[in-house]
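Asks: I have a structure I would like to understand better, so I am pasting it below and will then ask my questions one at a time.
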Amino acid sequence: MTHATLHPDAVHAKVRTLPALPQAVIELRSALKREDVAVDELAATISHDQALTAKTLRLANSSFYGVAGRVSSIRGAINILGLRTVATVATTAVVISSFDRTACTGFDFDGFWRHALATAFCAQELAAVTHMDGEAAFSAGLLHDIGRLALATYFPLELGQTLAWAAEHDVHAIEAERLMLNTDHAAVGGLIAEHWNFAPAIAEAIRCHHELPAHTTATLADLAHVADNMTHALDLSGLDEDMVPPLSLAAWERLALSPQQVQRIFERTERQAQGVRDSLTV
């Protein structure tokens, strides 16, 4: 098979065509950095964007957040879920709607989001036991493979050939990406994170979740890496070709998890993911 190598300029050009995050999302994320947050003003800003309001309310009412059917307004969503969670929901709604779920033959959009959701849950559980930011961990876990969505949307033929080659040769998809595309979904995801001005720690977690930089203490990238590995091991995507990627022993040691904590995280992640696995495929 001829390698469908992607030129870096072509990848950069496609990422630059992604629409900017709506102003409502930018303001909401910015508000998280301030103590004097005007909740009513932010709620009104989101409410003026009808498409974003509809997507946010649909996600806020999913069983994932445990308040199904109880959220009827953005102000209500903030009251019940909190500003940080609403910011995550709104950002997620925008991300999902930015990519074409039908473009790439062989790419399972629903399976992708099942894995993304499970990884978000797992990263949040890891954050709880390692005393890190749970909301940031959830976001990093949910968005860690966003580069693969971009490849599926903008380079469907090339990614389709790559996925077929990976399945034929029984190798992990990222190995096939690097061999055949001259890039990988983590690198593309890092470009998207920069394009959308994600927090540096989240951008690093997306870009480095397969190749971790050296650190002396645990990072958000470590959480995303280990959560990704765990959820692949639990086979929560429902995909026949799901494979467990190599685990960084350095990241594992930095997290310093006990066997009891690992068992608890496995159980909680599996239970949560099975209960809400389709709530974000909108």
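Identifiers in the structure tokens: chain A, B, ... in order shown; residue index from 1 per chain; ligand index from 1 in order shown.
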Within 6 Å of region 154-169 of chain A, which residues of region 56-145 of chain A come that close, and what is the closest atom pair and distance in Å for each? Count only C-alpha atoms and give it as JSON lines.
Replies:
{"residue": "A:Ala103", "atom": "CA", "partner": "A:Pro156", "partner_atom": "CA", "distance": 5.9}
{"residue": "A:Cys104", "atom": "CA", "partner": "A:Pro156", "partner_atom": "CA", "distance": 4.3}
{"residue": "A:Thr105", "atom": "CA", "partner": "A:Gly160", "partner_atom": "CA", "distance": 5.7}
{"residue": "A:Gly106", "atom": "CA", "partner": "A:Gly160", "partner_atom": "CA", "distance": 5.8}
Asks: Considering only C-alpha atoms, state which residue in the set A:Ile78, A:Leu181, A:Ala224, A:Ala60 is at the smallest distance from Ser139 (chain A).
Replies: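 So, comparing all the options, the nearest one is A:Ala224.
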